[in-house]
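Take a look at the structure set out below.
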Amino acid sequence: MNWSHGRSVLISMIPPALGSVSGMVEQLDVHGKHTFVLYPPVPGIEITCRFHKKDFEKVHAAVKKHVTVYGLLTYGLGQSFPVAVRVDAIEQEPDDSELPSLIDMEGMLDGEGIGESNSVIRSLRDEWEK
C-alpha cells in the first residue's frame, strides 16, 4: 500500500462533520478544482479548502486575509484540525487595525448597569445557585 492510499483510508475512517475553522487564506487555485489553503494561527497546520465557483470573488477578496470558513470538515486520525473543508460559506474577519485595543475598551461598559468586576464575576459564578 502506498502512502497516499493509506492516508486517504485513515481520513475516510473518520466521518466528516459540519463546523467552522479560522485562518489566513493563501494559495488560491482555480485550475480544475476551486481550492485554497487555509493557515490557522498554529504553526505547521494547513487545511485544503474546496469552494463553489460562485464564491470565487469572495474568496479572491479574502486572499492574505483572516477568515472563518463554514462547511463540511474532514479530519485525519488523531488530528485536532481538519485536513480539508468543503466550504459552504466564508466570512472575512476584521483586520487587527480595525479592532479596539485594550486602552480603547477602557470605560466601554461604564454606565451599563453591570457593576464592579468582582460583583459581575461573583454573580456569574454563583448563577447556578439561583
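Ligands are numbered from 1 in the order shown, residues from 1 within each chain, and chains are lettered A, B, ... in the order they appear in the C-alpha cells.
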Spatial neighbours of A:Lys33, 12 Å, only C-alpha atoms, chain gap at least 2 places, as a PyMOL selection string: chain A and resi 28-31+35-36+48-53+56+86
Grab the residues selected above and save them as a compact mmCIF listing (two decimals), in the first residue's frame with C-alpha atoms.
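Wrote it out as selection-v5.txt, contents follow:
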# COMPACT_ATOMS: atom_id res chain seq x y z
CA LEU A 28 -5.77 30.17 -4.36
CA ASP A 29 -6.11 27.65 -7.23
CA VAL A 30 -8.84 27.79 -9.86
CA HIS A 31 -7.38 25.27 -12.32
CA THR A 35 -9.35 25.39 -3.81
CA PHE A 36 -7.33 27.48 -1.43
CA THR A 48 -7.16 22.44 1.90
CA CYS A 49 -10.48 24.16 1.27
CA ARG A 50 -12.67 23.47 -1.75
CA PHE A 51 -15.21 26.15 -2.64
CA HIS A 52 -18.05 26.71 -5.10
CA LYS A 53 -17.26 28.60 -8.32
CA PHE A 56 -14.72 32.99 -6.38
CA ARG A 86 -15.87 21.68 1.67
Contacts of stretch 19-27 of chain A at 10 Å (only C-alpha atoms; same-chain gap of 4+ positions) as a ChimeraX atom specification: /A:35-42,45-49,59-74,81-82,85,87-93
Selection file, C-alpha atoms, as a PDB file, in the first residue's frame:
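Saved result, part-v3.pdb, follows:
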ATOM      1  CA  THR A  35      -9.350  25.390  -3.809  1.00  0.00           C
ATOM      2  CA  PHE A  36      -7.329  27.482  -1.426  1.00  0.00           C
ATOM      3  CA  VAL A  37      -5.164  26.675   1.548  1.00  0.00           C
ATOM      4  CA  LEU A  38      -6.204  27.978   4.944  1.00  0.00           C
ATOM      5  CA  TYR A  39      -3.470  28.520   7.541  1.00  0.00           C
ATOM      6  CA  PRO A  40      -4.784  28.652  11.126  1.00  0.00           C
ATOM      7  CA  PRO A  41      -2.630  30.518  13.667  1.00  0.00           C
ATOM      8  CA  VAL A  42      -0.903  27.249  14.641  1.00  0.00           C
ATOM      9  CA  ILE A  45      -1.111  23.323  10.028  1.00  0.00           C
ATOM     10  CA  GLU A  46      -2.573  23.820   6.571  1.00  0.00           C
ATOM     11  CA  ILE A  47      -6.110  22.993   5.508  1.00  0.00           C
ATOM     12  CA  THR A  48      -7.162  22.441   1.903  1.00  0.00           C
ATOM     13  CA  CYS A  49     -10.484  24.162   1.272  1.00  0.00           C
ATOM     14  CA  VAL A  59     -12.541  34.034  -1.859  1.00  0.00           C
ATOM     15  CA  HIS A  60     -10.321  36.133  -4.138  1.00  0.00           C
ATOM     16  CA  ALA A  61     -11.002  39.220  -1.966  1.00  0.00           C
ATOM     17  CA  ALA A  62     -10.036  37.194   1.118  1.00  0.00           C
ATOM     18  CA  VAL A  63      -6.538  36.190  -0.050  1.00  0.00           C
ATOM     19  CA  LYS A  64      -3.980  37.150   2.622  1.00  0.00           C
ATOM     20  CA  LYS A  65      -6.865  37.966   4.996  1.00  0.00           C
ATOM     21  CA  HIS A  66      -8.110  36.277   8.138  1.00  0.00           C
ATOM     22  CA  VAL A  67     -11.388  34.412   7.557  1.00  0.00           C
ATOM     23  CA  THR A  68     -13.699  31.862   9.107  1.00  0.00           C
ATOM     24  CA  VAL A  69     -14.930  29.142   6.780  1.00  0.00           C
ATOM     25  CA  TYR A  70     -18.055  27.076   7.444  1.00  0.00           C
ATOM     26  CA  GLY A  71     -18.794  23.737   5.872  1.00  0.00           C
ATOM     27  CA  LEU A  72     -18.059  20.022   5.957  1.00  0.00           C
ATOM     28  CA  LEU A  73     -14.794  19.387   7.814  1.00  0.00           C
ATOM     29  CA  THR A  74     -12.735  16.255   7.206  1.00  0.00           C
ATOM     30  CA  PHE A  81      -7.569  20.483  12.989  1.00  0.00           C
ATOM     31  CA  PRO A  82      -9.357  19.368   9.838  1.00  0.00           C
ATOM     32  CA  VAL A  85     -13.083  21.633   4.245  1.00  0.00           C
ATOM     33  CA  VAL A  87     -16.701  25.355   2.069  1.00  0.00           C
ATOM     34  CA  ASP A  88     -20.353  26.402   2.212  1.00  0.00           C
ATOM     35  CA  ALA A  89     -19.697  29.951   3.478  1.00  0.00           C
ATOM     36  CA  ILE A  90     -16.724  32.206   4.072  1.00  0.00           C
ATOM     37  CA  GLU A  91     -16.704  35.201   6.394  1.00  0.00           C
ATOM     38  CA  GLN A  92     -13.879  37.722   6.333  1.00  0.00           C
ATOM     39  CA  GLU A  93     -12.768  38.844   9.786  1.00  0.00           C
TER      40      GLU A  93
END
Those of stretch 19-58 of chain A in DSSP helix (DSSP H, G or I), formatted as a ChimeraX atom specification: /A:53-58
Output the selection as a compact mmCIF listing (two decimals), in the first residue's frame - N, CA, C and O atoms for each residue.
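Printed below is result-v3.txt as written:
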# COMPACT_ATOMS: atom_id res chain seq x y z
N LYS A 53 -17.68 27.60 -7.32
CA LYS A 53 -17.26 28.60 -8.32
C LYS A 53 -17.94 29.95 -8.08
O LYS A 53 -17.33 31.00 -8.26
N LYS A 54 -19.18 29.92 -7.65
CA LYS A 54 -19.94 31.17 -7.44
C LYS A 54 -19.32 32.03 -6.34
O LYS A 54 -19.57 33.23 -6.27
N ASP A 55 -18.49 31.44 -5.49
CA ASP A 55 -17.87 32.17 -4.38
C ASP A 55 -16.47 32.70 -4.72
O ASP A 55 -15.77 33.20 -3.85
N PHE A 56 -16.08 32.60 -6.00
CA PHE A 56 -14.72 32.99 -6.38
C PHE A 56 -14.38 34.42 -5.97
O PHE A 56 -13.32 34.67 -5.39
N GLU A 57 -15.24 35.38 -6.26
CA GLU A 57 -14.94 36.78 -5.95
C GLU A 57 -14.73 36.99 -4.45
O GLU A 57 -13.83 37.71 -4.03
N LYS A 58 -15.57 36.35 -3.66
CA LYS A 58 -15.46 36.48 -2.20
C LYS A 58 -14.15 35.86 -1.71
O LYS A 58 -13.47 36.43 -0.85
